[in-house]
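K.L.:
One file: target_21.cif (mmCIF, C-alpha atoms and all ligand atoms).
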data_model
#
loop_
_atom_site.group_PDB
_atom_site.id
_atom_site.type_symbol
_atom_site.label_atom_id
_atom_site.label_comp_id
_atom_site.auth_asym_id
_atom_site.auth_seq_id
_atom_site.Cartn_x
_atom_site.Cartn_y
_atom_site.Cartn_z
ATOM 1 C CA MET A 1 95.501 129.803 93.238
ATOM 2 C CA ASN A 2 94.142 129.444 96.721
ATOM 3 C CA ALA A 3 96.200 126.547 98.019
ATOM 4 C CA VAL A 4 95.013 124.885 101.208
ATOM 5 C CA ILE A 5 98.214 122.902 101.321
ATOM 6 C CA ASP A 6 101.446 124.503 100.217
ATOM 7 C CA VAL A 7 104.733 122.622 100.487
ATOM 8 C CA GLN A 8 107.911 124.450 99.487
ATOM 9 C CA GLY A 9 111.432 123.104 99.187
ATOM 10 C CA LEU A 10 110.854 120.257 101.589
ATOM 11 C CA SER A 11 113.857 118.108 102.465
ATOM 12 C CA ALA A 12 114.028 115.341 105.016
ATOM 13 C CA THR A 13 116.257 112.557 106.245
ATOM 14 C CA TYR A 14 115.767 109.670 108.638
ATOM 15 C CA GLY A 15 119.192 110.049 110.229
ATOM 16 C CA PHE A 16 120.621 112.702 112.502
ATOM 17 C CA SER A 17 124.016 113.040 110.862
ATOM 18 C CA HIS A 18 124.764 115.542 108.117
ATOM 19 C CA ARG A 19 125.747 112.615 105.986
ATOM 20 C CA SER A 20 122.354 110.882 106.295
ATOM 21 C CA PRO A 21 120.924 110.583 102.807
ATOM 22 C CA ARG A 22 118.181 112.997 101.849
ATOM 23 C CA VAL A 23 115.065 110.939 101.401
ATOM 24 C CA LEU A 24 113.221 114.104 100.337
ATOM 25 C CA ASP A 25 115.105 116.760 98.456
ATOM 26 C CA GLY A 26 113.503 120.092 97.670
ATOM 27 C CA VAL A 27 109.952 118.899 97.119
ATOM 28 C CA SER A 28 107.338 121.577 96.389
ATOM 29 C CA LEU A 29 103.657 121.226 95.632
ATOM 30 C CA THR A 30 100.364 122.976 96.204
ATOM 31 C CA VAL A 31 96.823 121.652 96.286
ATOM 32 C CA ALA A 32 93.711 123.819 96.098
ATOM 33 C CA ARG A 33 90.377 123.201 97.759
ATOM 34 C CA GLY A 34 88.413 120.409 96.132
ATOM 35 C CA ARG A 35 91.363 119.324 94.000
ATOM 36 C CA THR A 36 93.357 116.105 93.982
ATOM 37 C CA MET A 37 97.103 116.038 93.533
ATOM 38 C CA GLY A 38 98.553 112.650 92.749
ATOM 39 C CA VAL A 39 102.012 111.713 93.953
ATOM 40 C CA VAL A 40 103.502 108.865 91.951
ATOM 41 C CA GLY A 41 106.877 107.188 91.733
ATOM 42 C CA GLU A 42 108.336 103.771 92.246
ATOM 43 C CA SER A 43 108.678 102.187 95.665
ATOM 44 C CA GLY A 44 111.254 104.009 97.774
ATOM 45 C CA SER A 45 110.943 107.307 95.911
ATOM 46 C CA GLY A 46 109.875 109.118 99.089
ATOM 47 C CA LYS A 47 106.093 109.322 98.718
ATOM 48 C CA SER A 48 105.233 108.082 102.204
ATOM 49 C CA THR A 49 108.033 110.164 103.696
ATOM 50 C CA LEU A 50 106.462 113.242 102.107
ATOM 51 C CA ALA A 51 103.152 112.322 103.752
ATOM 52 C CA LYS A 52 104.883 111.886 107.120
ATOM 53 C CA VAL A 53 106.517 115.297 106.942
ATOM 54 C CA ILE A 54 103.257 116.971 105.926
ATOM 55 C CA VAL A 55 101.282 115.391 108.774
ATOM 56 C CA GLY A 56 104.136 116.114 111.143
ATOM 57 C CA THR A 57 105.238 112.659 112.252
ATOM 58 C CA LEU A 58 108.669 113.299 110.723
ATOM 59 C CA GLY A 59 110.497 116.609 110.986
ATOM 60 C CA ALA A 60 111.735 118.452 107.912
ATOM 61 C CA ALA A 61 115.437 119.188 107.432
ATOM 62 C CA SER A 62 114.431 122.280 105.476
ATOM 63 C CA GLY A 63 111.489 123.763 103.637
ATOM 64 C CA THR A 64 108.006 124.777 104.699
ATOM 65 C CA VAL A 65 104.550 123.267 105.035
ATOM 66 C CA SER A 66 101.668 125.735 105.040
ATOM 67 C CA ILE A 67 98.074 124.804 105.742
ATOM 68 C CA GLU A 68 95.449 127.344 104.733
ATOM 69 C CA GLY A 69 98.118 129.977 104.496
ATOM 70 C CA ALA A 70 99.694 129.321 107.899
ATOM 71 C CA ASP A 71 103.244 127.988 108.117
ATOM 72 C CA VAL A 72 103.000 125.010 110.457
ATOM 73 C CA MET A 73 106.373 125.678 112.056
ATOM 74 C CA LYS A 74 105.812 129.400 112.473
ATOM 75 C CA VAL A 75 102.476 129.330 114.275
ATOM 76 C CA ALA A 76 102.510 129.265 118.045
ATOM 77 C CA ARG A 77 102.985 125.822 119.508
ATOM 78 C CA SER A 78 99.523 125.978 121.035
ATOM 79 C CA GLN A 79 97.938 126.432 117.608
ATOM 80 C CA ARG A 80 100.093 123.919 115.831
ATOM 81 C CA ARG A 81 98.091 120.937 116.943
ATOM 82 C CA ALA A 82 94.804 122.404 115.774
ATOM 83 C CA LEU A 83 96.398 123.326 112.464
ATOM 84 C CA ARG A 84 97.790 119.835 112.021
ATOM 85 C CA ARG A 85 94.344 118.399 112.636
ATOM 86 C CA ARG A 86 93.233 120.158 109.462
ATOM 87 C CA VAL A 87 95.340 117.556 107.663
ATOM 88 C CA GLN A 88 94.170 113.975 108.041
ATOM 89 C CA MET A 89 95.656 110.828 106.645
ATOM 90 C CA ILE A 90 94.126 107.559 105.502
ATOM 91 C CA PRO A 91 96.804 104.937 106.026
ATOM 92 C CA GLN A 92 97.692 102.210 103.571
ATOM 93 C CA ASP A 93 96.939 99.141 105.639
ATOM 94 C CA PRO A 94 93.373 98.937 106.961
ATOM 95 C CA TYR A 95 94.363 95.917 109.042
ATOM 96 C CA ALA A 96 97.159 97.645 110.932
ATOM 97 C CA SER A 97 95.590 101.077 111.266
ATOM 98 C CA LEU A 98 92.599 100.167 113.454
ATOM 99 C CA ASP A 99 92.990 99.139 117.077
ATOM 100 C CA PRO A 100 91.707 95.537 117.169
ATOM 101 C CA ARG A 101 90.318 95.926 120.711
ATOM 102 C CA MET A 102 88.396 99.089 120.009
ATOM 103 C CA THR A 103 84.883 99.161 118.574
ATOM 104 C CA ILE A 104 84.394 101.197 115.431
ATOM 105 C CA GLY A 105 82.262 103.621 117.428
ATOM 106 C CA ARG A 106 85.043 104.115 119.963
ATOM 107 C CA THR A 107 87.589 104.673 117.201
ATOM 108 C CA LEU A 108 85.408 107.396 115.697
ATOM 109 C CA LEU A 109 84.675 108.863 119.110
ATOM 110 C CA GLU A 110 88.385 109.231 119.829
ATOM 111 C CA ALA A 111 88.826 111.018 116.521
ATOM 112 C CA LEU A 112 85.948 113.376 117.340
ATOM 113 C CA ALA A 113 86.895 114.006 120.938
ATOM 114 C CA PRO A 114 90.429 112.859 121.791
ATOM 115 C CA THR A 115 90.083 113.908 125.428
ATOM 116 C CA ALA A 116 87.238 113.245 127.858
ATOM 117 C CA ALA A 117 85.127 111.626 125.183
ATOM 118 C CA ARG A 118 81.428 111.456 125.978
ATOM 119 C CA ALA A 119 79.766 108.793 123.891
ATOM 120 C CA THR A 120 76.226 110.153 124.078
ATOM 121 C CA SER A 121 77.025 113.628 122.779
ATOM 122 C CA HIS A 122 78.646 112.209 119.672
ATOM 123 C CA ARG A 123 76.302 109.347 118.892
ATOM 124 C CA ASP A 124 74.499 111.158 116.096
ATOM 125 C CA ARG A 125 77.699 112.349 114.518
ATOM 126 C CA ILE A 126 79.130 108.812 114.595
ATOM 127 C CA ALA A 127 76.006 107.480 112.880
ATOM 128 C CA GLU A 128 76.291 110.258 110.324
ATOM 129 C CA LEU A 129 79.952 109.455 109.648
ATOM 130 C CA LEU A 130 79.150 105.771 109.193
ATOM 131 C CA SER A 131 76.401 106.609 106.758
ATOM 132 C CA MET A 132 78.724 108.926 104.830
ATOM 133 C CA VAL A 133 81.001 105.964 104.151
ATOM 134 C CA ALA A 134 78.034 103.646 103.518
ATOM 135 C CA LEU A 135 78.338 101.533 106.652
ATOM 136 C CA GLU A 136 75.369 100.527 108.799
ATOM 137 C CA PRO A 137 74.819 102.353 112.107
ATOM 138 C CA GLY A 138 75.240 98.986 113.856
ATOM 139 C CA ALA A 139 78.885 98.988 112.784
ATOM 140 C CA ALA A 140 79.605 101.308 115.714
ATOM 141 C CA SER A 141 79.348 98.512 118.250
ATOM 142 C CA ARG A 142 81.467 96.040 116.310
ATOM 143 C CA LEU A 143 85.196 95.306 116.285
ATOM 144 C CA PRO A 144 87.551 95.652 113.299
ATOM 145 C CA HIS A 145 87.960 91.879 112.825
ATOM 146 C CA GLU A 146 84.283 91.651 111.895
ATOM 147 C CA PHE A 147 84.947 93.750 108.783
ATOM 148 C CA SER A 148 86.529 93.124 105.402
ATOM 149 C CA GLY A 149 89.517 95.114 104.176
ATOM 150 C CA GLY A 150 87.319 97.423 102.125
ATOM 151 C CA GLN A 151 84.972 98.024 105.043
ATOM 152 C CA ARG A 152 87.911 98.762 107.323
ATOM 153 C CA GLN A 153 89.163 101.254 104.807
ATOM 154 C CA ARG A 154 85.732 102.909 104.970
ATOM 155 C CA VAL A 155 86.152 103.148 108.738
ATOM 156 C CA ALA A 156 89.600 104.692 108.260
ATOM 157 C CA ILE A 157 88.047 107.204 105.869
ATOM 158 C CA ALA A 158 85.263 107.995 108.345
ATOM 159 C CA ARG A 159 87.872 108.566 111.037
ATOM 160 C CA ALA A 160 89.846 110.857 108.756
ATOM 161 C CA ILE A 161 86.859 113.017 107.787
ATOM 162 C CA ALA A 162 85.485 113.121 111.351
ATOM 163 C CA VAL A 163 87.302 116.349 112.159
ATOM 164 C CA GLN A 164 86.364 118.005 108.851
ATOM 165 C CA PRO A 165 89.891 118.254 107.499
ATOM 166 C CA THR A 166 90.748 120.652 104.720
ATOM 167 C CA VAL A 167 93.432 118.281 103.472
ATOM 168 C CA LEU A 168 93.162 114.538 103.158
ATOM 169 C CA ILE A 169 96.245 112.473 102.462
ATOM 170 C CA ALA A 170 95.561 109.060 100.997
ATOM 171 C CA ASP A 171 98.700 106.893 100.976
ATOM 172 C CA GLU A 172 98.233 103.799 98.792
ATOM 173 C CA VAL A 173 94.734 103.440 100.218
ATOM 174 C CA THR A 174 93.633 100.898 97.659
ATOM 175 C CA SER A 175 96.846 98.889 97.294
ATOM 176 C CA ALA A 176 95.798 96.217 99.772
ATOM 177 C CA LEU A 177 92.350 95.763 98.205
ATOM 178 C CA ASP A 178 90.878 93.686 95.375
ATOM 179 C CA ALA A 179 90.219 95.527 92.109
ATOM 180 C CA SER A 180 86.439 95.800 92.510
ATOM 181 C CA ILE A 181 86.802 97.062 96.069
ATOM 182 C CA GLN A 182 89.493 99.536 94.984
ATOM 183 C CA PHE A 183 87.003 101.045 92.607
ATOM 184 C CA GLU A 184 84.371 101.434 95.341
ATOM 185 C CA ILE A 185 86.834 103.164 97.636
ATOM 186 C CA LEU A 186 87.970 105.549 94.890
ATOM 187 C CA GLU A 187 84.362 106.385 94.100
ATOM 188 C CA LEU A 188 83.636 106.977 97.763
ATOM 189 C CA LEU A 189 86.591 109.356 98.082
ATOM 190 C CA ASP A 190 85.493 111.212 94.989
ATOM 191 C CA ARG A 191 81.951 111.623 96.271
ATOM 192 C CA LEU A 192 83.127 112.748 99.708
ATOM 193 C CA GLN A 193 85.427 115.277 98.087
ATOM 194 C CA ASP A 194 82.499 116.675 96.107
ATOM 195 C CA ASP A 195 80.460 116.968 99.305
ATOM 196 C CA LEU A 196 83.147 118.171 101.688
ATOM 197 C CA GLY A 197 85.543 120.026 99.418
ATOM 198 C CA PHE A 198 88.814 118.881 100.967
ATOM 199 C CA ALA A 199 92.043 119.048 99.005
ATOM 200 C CA CYS A 200 93.453 115.573 98.496
ATOM 201 C CA LEU A 201 97.026 114.382 98.225
ATOM 202 C CA PHE A 202 96.637 111.020 96.582
ATOM 203 C CA ILE A 203 99.750 108.876 96.854
ATOM 204 C CA THR A 204 99.961 105.793 94.684
ATOM 205 C CA HIS A 205 102.445 103.726 92.747
ATOM 206 C CA ASN A 206 99.601 102.868 90.356
ATOM 207 C CA LEU A 207 99.536 105.314 87.446
ATOM 208 C CA GLY A 208 96.240 103.933 86.194
ATOM 209 C CA VAL A 209 94.574 104.788 89.482
ATOM 210 C CA ALA A 210 96.260 108.204 89.516
ATOM 211 C CA ALA A 211 95.079 108.969 85.990
ATOM 212 C CA ARG A 212 91.566 108.197 87.060
ATOM 213 C CA VAL A 213 91.270 110.195 90.264
ATOM 214 C CA CYS A 214 93.791 113.043 90.108
ATOM 215 C CA ASP A 215 93.533 116.545 88.667
ATOM 216 C CA GLU A 216 97.261 117.152 88.874
ATOM 217 C CA ILE A 217 100.294 114.973 89.281
ATOM 218 C CA THR A 218 103.702 115.092 90.922
ATOM 219 C CA VAL A 219 106.170 112.477 89.741
ATOM 220 C CA MET A 220 108.869 111.645 92.274
ATOM 221 C CA ARG A 221 112.157 109.834 91.934
ATOM 222 C CA HIS A 222 114.827 109.418 94.621
ATOM 223 C CA GLY A 223 113.107 112.025 96.781
ATOM 224 C CA ARG A 224 112.941 114.669 94.080
ATOM 225 C CA VAL A 225 110.165 115.962 91.865
ATOM 226 C CA VAL A 226 110.999 115.059 88.284
ATOM 227 C CA GLU A 227 107.794 116.301 86.701
ATOM 228 C CA GLN A 228 104.675 118.106 87.875
ATOM 229 C CA GLY A 229 101.557 119.502 86.281
ATOM 230 C CA ASP A 230 98.096 118.736 84.999
ATOM 231 C CA ILE A 231 97.200 115.028 84.996
ATOM 232 C CA SER A 232 97.103 115.155 81.213
ATOM 233 C CA LEU A 233 100.916 115.251 81.196
ATOM 234 C CA LEU A 234 100.832 111.483 81.614
ATOM 235 C CA ALA A 235 99.647 111.273 78.040
ATOM 236 C CA GLU A 236 102.831 112.986 76.840
ATOM 237 C CA PRO A 237 105.422 113.057 79.588
ATOM 238 C CA ALA A 238 108.382 115.371 79.047
ATOM 239 C CA ASP A 239 110.601 113.569 81.538
ATOM 240 C CA PRO A 240 112.216 110.257 80.549
ATOM 241 C CA TYR A 241 111.533 108.755 83.990
ATOM 242 C CA THR A 242 107.824 109.588 83.738
ATOM 243 C CA ARG A 243 107.825 108.068 80.252
ATOM 244 C CA LEU A 244 109.337 104.920 81.712
ATOM 245 C CA LEU A 245 106.696 104.774 84.444
ATOM 246 C CA VAL A 246 103.897 105.297 81.941
ATOM 247 C CA SER A 247 105.268 102.682 79.582
ATOM 248 C CA SER A 248 105.475 100.139 82.393
ATOM 249 C CA VAL A 249 101.756 100.414 83.162
ATOM 250 C CA PRO A 250 100.316 97.010 82.262
ATOM 251 C CA ASP A 251 97.897 98.221 79.639
ATOM 252 C CA PRO A 252 99.134 97.619 76.091
ATOM 253 C CA GLU A 253 96.878 100.270 74.610
ATOM 254 C CA GLY A 254 97.549 102.836 77.315
ATOM 255 C CA ARG A 255 93.820 103.436 77.153
ATOM 256 C CA PHE A 256 93.198 104.603 80.666
ATOM 257 C CA LEU A 257 96.118 107.007 80.612
ATOM 258 C CA HIS A 258 95.028 108.683 77.428
ATOM 259 C CA GLY A 259 91.274 108.418 77.581
ATOM 260 C CA PRO A 260 88.974 110.423 79.828
ATOM 261 C CA SER A 261 89.849 109.967 83.477
ATOM 262 C CA ARG A 262 87.750 109.894 86.641
ATOM 263 C CA TYR A 263 85.998 106.549 86.639
ATOM 264 C CA ASP A 264 84.971 106.033 83.084
ATOM 265 C CA THR A 265 86.071 102.439 83.353
ATOM 266 C CA ALA A 266 86.987 100.126 86.205
ATOM 267 C CA PRO A 267 90.652 100.083 87.352
ATOM 268 C CA GLN A 268 92.813 97.457 85.704
ATOM 269 C CA SER A 269 94.707 96.374 88.776
HETATM 270 P P1 LIG B 301 107.696 105.255 99.016
HETATM 271 O O1 LIG B 301 106.543 105.553 99.923
HETATM 272 O O2 LIG B 301 107.742 106.102 97.801
HETATM 273 O O3 LIG B 301 107.800 103.807 98.683
HETATM 274 P P2 LIG B 301 109.300 105.896 101.341
HETATM 275 O O4 LIG B 301 109.025 107.322 101.633
HETATM 276 O O5 LIG B 301 108.640 104.893 102.195
HETATM 277 O O6 LIG B 301 109.052 105.612 99.799
HETATM 278 O O7 LIG B 301 110.864 105.652 101.437
HETATM 279 C C1 LIG B 301 111.808 106.517 100.856
HETATM 280 C C2 LIG B 301 113.199 106.101 101.305
HETATM 281 O O8 LIG B 301 113.323 106.254 102.708
HETATM 282 C C3 LIG B 301 113.525 104.645 101.007
HETATM 283 O O9 LIG B 301 114.877 104.565 100.629
HETATM 284 C C4 LIG B 301 113.322 103.967 102.333
HETATM 285 O O10 LIG B 301 114.151 102.842 102.451
HETATM 286 C C5 LIG B 301 113.697 105.037 103.333
HETATM 287 N N1 LIG B 301 112.947 104.904 104.585
HETATM 288 C C6 LIG B 301 111.601 104.847 104.696
HETATM 289 N N2 LIG B 301 111.232 104.758 105.992
HETATM 290 C C7 LIG B 301 112.378 104.768 106.713
HETATM 291 C C8 LIG B 301 112.679 104.711 108.109
HETATM 292 N N3 LIG B 301 111.701 104.649 109.036
HETATM 293 N N4 LIG B 301 113.976 104.749 108.486
HETATM 294 C C9 LIG B 301 114.965 104.835 107.567
HETATM 295 N N5 LIG B 301 114.756 104.899 106.237
HETATM 296 C C10 LIG B 301 113.496 104.868 105.804
HETATM 297 MG MG MG B 302 104.963 104.345 100.594
#
In structure tokens, how does this file's structure come out?
Ligand code: ADP
Ligand code: MG

P.N.:
Amino acid sequence: MNAVIDVQGLSATYGFSHRSPRVLDGVSLTVARGRTMGVVGESGSGKSTLAKVIVGTLGAASGTVSIEGADVMKVARSQRRALRRRVQMIPQDPYASLDPRMTIGRTLLEALAPTAARATSHRDRIAELLSMVALEPGAASRLPHEFSGGQRQRVAIARAIAVQPTVLIADEVTSALDASIQFEILELLDRLQDDLGFACLFITHNLGVAARVCDEITVMRHGRVVEQGDISLLAEPADPYTRLLVSSVPDPEGRFLHGPSRYDTAPQS
């Protein structure tokens, strides 16, 4: 498989002492171009920490992260930044992730050209990005508070795809949104993935959502991978913890875990 993101034996802690607990412990996963890997597990299982280590905001205690075949820690420092930019993240909270004083256009401009940004040279690209996430061109001159949560999440998605990443990490991107809006955002991500071909690491505590959007799944518990494979494993999990997670999904018939995935029906929650 041609993995664009390849994580091997990743361990991490938040403390500096040898006795600091391992919040990630030997996590490995790969995601190919155009594919979506779900990462599920209860709150505190280490999902967001995994995202932080992959995007580089938290150092790894051990293990490797490779992007398009290049080990992030082995490439020259000068190339590391460019390599990291190939991985973009959509944060969970669309209210906290946008600078309230910055217009949407400015936010996108800074993503496109972090230094010496020239508004005119990027105007077309900003309009294009807004249209890709189904926002009006006029959105560029407005401030985040003028937008709903779902619209802000569209802006966050536009910002993430601005630099044409090969990997997109979505960390609980629909958790703060109403059910109908969740569905729209999931559809948007799916369509963008079809068009742009990025590999997606889709982090969620919601197994119903995972079953719908993911091709493969990694089940985490206490910082470790307890089960991993094709999304269909949710229908017959081998691991008792996965079984517990599946059985706690609030759908008495388990319909959306067993039936066809990828948007056949609207999400339940
Ligand atoms: P998840 O995203 O699966 O809910 P997290 O990765 O956020 O889990 O957290 C995993 C563990 O790391 C939890 O025990 C959490 O309390 C701890 N943790 C998360 N962030 C920090 C932090 N900044 N400092 C110390 N511990 C943290
Ligand atoms: Mg989290």

K.L.:
Quick one: which region 151-170 of chain A residues come within 10 Å of region 93-116 of chain A, and what is the nearest atom pair for each with the distance in Å to one decimal, counting only C-alpha atoms, rows ordered by chain and ascending number, as a tab-separated table?

P.N.:
residue	atom	partner	partner_atom	distance
A:Gln151	CA	A:Pro94	CA	8.7
A:Arg152	CA	A:Pro94	CA	5.5
A:Gln153	CA	A:Pro94	CA	5.3
A:Arg154	CA	A:Pro94	CA	8.8
A:Val155	CA	A:Ile104	CA	7.2
A:Ala156	CA	A:Pro94	CA	7.0
A:Ile157	CA	A:Pro94	CA	9.9
A:Ala158	CA	A:Leu108	CA	7.4
A:Arg159	CA	A:Leu108	CA	5.4
A:Ala160	CA	A:Ala111	CA	7.8
A:Ile161	CA	A:Ala111	CA	9.2
A:Ala162	CA	A:Leu112	CA	6.0
A:Val163	CA	A:Leu112	CA	6.1
A:Gln164	CA	A:Leu112	CA	9.7

K.L.:
Give one line per residue of chain A that approaches ligand MG 302 (chain B) to at most 9 Å, naming the two atoms of the closest pair and their distance in Å to one decimal, counting only C-alpha atoms and all ligand atoms; sort by chain then ascending residue number and deliver it as JSON lines.

P.N.:
{"residue": "A:Ser43", "atom": "CA", "partner": "B:MG302", "partner_atom": "MG", "distance": 6.5}
{"residue": "A:Gly44", "atom": "CA", "partner": "B:MG302", "partner_atom": "MG", "distance": 6.9}
{"residue": "A:Ser45", "atom": "CA", "partner": "B:MG302", "partner_atom": "MG", "distance": 8.2}
{"residue": "A:Gly46", "atom": "CA", "partner": "B:MG302", "partner_atom": "MG", "distance": 7.0}
{"residue": "A:Lys47", "atom": "CA", "partner": "B:MG302", "partner_atom": "MG", "distance": 5.4}
{"residue": "A:Ser48", "atom": "CA", "partner": "B:MG302", "partner_atom": "MG", "distance": 4.1}
{"residue": "A:Thr49", "atom": "CA", "partner": "B:MG302", "partner_atom": "MG", "distance": 7.3}
{"residue": "A:Ala51", "atom": "CA", "partner": "B:MG302", "partner_atom": "MG", "distance": 8.8}
{"residue": "A:Gln92", "atom": "CA", "partner": "B:MG302", "partner_atom": "MG", "distance": 8.1}
{"residue": "A:Asp171", "atom": "CA", "partner": "B:MG302", "partner_atom": "MG", "distance": 6.8}
{"residue": "A:Glu172", "atom": "CA", "partner": "B:MG302", "partner_atom": "MG", "distance": 7.0}
{"residue": "A:Ile203", "atom": "CA", "partner": "B:MG302", "partner_atom": "MG", "distance": 7.9}
{"residue": "A:Thr204", "atom": "CA", "partner": "B:MG302", "partner_atom": "MG", "distance": 7.9}
{"residue": "A:His205", "atom": "CA", "partner": "B:MG302", "partner_atom": "MG", "distance": 8.3}

K.L.:
Using all atoms listed in the file, which residue out of A:Leu233, A:Val27, A:Val225, A:Met220 lies closest to ligand LIG 301 (chain B)?

P.N.:
A:Met220

K.L.:
Got a sec: who's within 9 Å of Met132 (chain A), counting all atoms listed in the file, leaving out chain neighbours fewer than 5 positions off, as a count of residues only?

P.N.:
4

K.L.:
Please list, as a PyMOL selection string, the residues that have an atom at most 12 Å away from (102.8, 115.3, 104.2) in the coordinates of this file, counting all atoms listed in the file.

P.N.:
chain A and resi 5-8+10-12+24+27-31+39+46-60+64-67+72+84+86-90+167-171+200-203

K.L.:
Give me a file of those residues, with C-alpha atoms, as a PDB file, keeping the file's coordinate frame.

P.N.:
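Saved result, selection30.pdb, follows:
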ATOM      1  CA  ILE A   5      98.214 122.902 101.321  1.00  0.00           C
ATOM      2  CA  ASP A   6     101.446 124.503 100.217  1.00  0.00           C
ATOM      3  CA  VAL A   7     104.733 122.622 100.487  1.00  0.00           C
ATOM      4  CA  GLN A   8     107.911 124.450  99.487  1.00  0.00           C
ATOM      5  CA  LEU A  10     110.854 120.257 101.589  1.00  0.00           C
ATOM      6  CA  SER A  11     113.857 118.108 102.465  1.00  0.00           C
ATOM      7  CA  ALA A  12     114.028 115.341 105.016  1.00  0.00           C
ATOM      8  CA  LEU A  24     113.221 114.104 100.337  1.00  0.00           C
ATOM      9  CA  VAL A  27     109.952 118.899  97.119  1.00  0.00           C
ATOM     10  CA  SER A  28     107.338 121.577  96.389  1.00  0.00           C
ATOM     11  CA  LEU A  29     103.657 121.226  95.632  1.00  0.00           C
ATOM     12  CA  THR A  30     100.364 122.976  96.204  1.00  0.00           C
ATOM     13  CA  VAL A  31      96.823 121.652  96.286  1.00  0.00           C
ATOM     14  CA  VAL A  39     102.012 111.713  93.953  1.00  0.00           C
ATOM     15  CA  GLY A  46     109.875 109.118  99.089  1.00  0.00           C
ATOM     16  CA  LYS A  47     106.093 109.322  98.718  1.00  0.00           C
ATOM     17  CA  SER A  48     105.233 108.082 102.204  1.00  0.00           C
ATOM     18  CA  THR A  49     108.033 110.164 103.696  1.00  0.00           C
ATOM     19  CA  LEU A  50     106.462 113.242 102.107  1.00  0.00           C
ATOM     20  CA  ALA A  51     103.152 112.322 103.752  1.00  0.00           C
ATOM     21  CA  LYS A  52     104.883 111.886 107.120  1.00  0.00           C
ATOM     22  CA  VAL A  53     106.517 115.297 106.942  1.00  0.00           C
ATOM     23  CA  ILE A  54     103.257 116.971 105.926  1.00  0.00           C
ATOM     24  CA  VAL A  55     101.282 115.391 108.774  1.00  0.00           C
ATOM     25  CA  GLY A  56     104.136 116.114 111.143  1.00  0.00           C
ATOM     26  CA  THR A  57     105.238 112.659 112.252  1.00  0.00           C
ATOM     27  CA  LEU A  58     108.669 113.299 110.723  1.00  0.00           C
ATOM     28  CA  GLY A  59     110.497 116.609 110.986  1.00  0.00           C
ATOM     29  CA  ALA A  60     111.735 118.452 107.912  1.00  0.00           C
ATOM     30  CA  THR A  64     108.006 124.777 104.699  1.00  0.00           C
ATOM     31  CA  VAL A  65     104.550 123.267 105.035  1.00  0.00           C
ATOM     32  CA  SER A  66     101.668 125.735 105.040  1.00  0.00           C
ATOM     33  CA  ILE A  67      98.074 124.804 105.742  1.00  0.00           C
ATOM     34  CA  VAL A  72     103.000 125.010 110.457  1.00  0.00           C
ATOM     35  CA  ARG A  84      97.790 119.835 112.021  1.00  0.00           C
ATOM     36  CA  ARG A  86      93.233 120.158 109.462  1.00  0.00           C
ATOM     37  CA  VAL A  87      95.340 117.556 107.663  1.00  0.00           C
ATOM     38  CA  GLN A  88      94.170 113.975 108.041  1.00  0.00           C
ATOM     39  CA  MET A  89      95.656 110.828 106.645  1.00  0.00           C
ATOM     40  CA  ILE A  90      94.126 107.559 105.502  1.00  0.00           C
ATOM     41  CA  VAL A 167      93.432 118.281 103.472  1.00  0.00           C
ATOM     42  CA  LEU A 168      93.162 114.538 103.158  1.00  0.00           C
ATOM     43  CA  ILE A 169      96.245 112.473 102.462  1.00  0.00           C
ATOM     44  CA  ALA A 170      95.561 109.060 100.997  1.00  0.00           C
ATOM     45  CA  ASP A 171      98.700 106.893 100.976  1.00  0.00           C
ATOM     46  CA  CYS A 200      93.453 115.573  98.496  1.00  0.00           C
ATOM     47  CA  LEU A 201      97.026 114.382  98.225  1.00  0.00           C
ATOM     48  CA  PHE A 202      96.637 111.020  96.582  1.00  0.00           C
ATOM     49  CA  ILE A 203      99.750 108.876  96.854  1.00  0.00           C
TER      50      ILE A 203
END

K.L.:
CA of Thr218 (chain A) and CA of Val246 (chain A) are how many Å apart?

P.N.:
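CA of Thr218 (chain A) sits 13.3 Å away from CA of Val246 (chain A).
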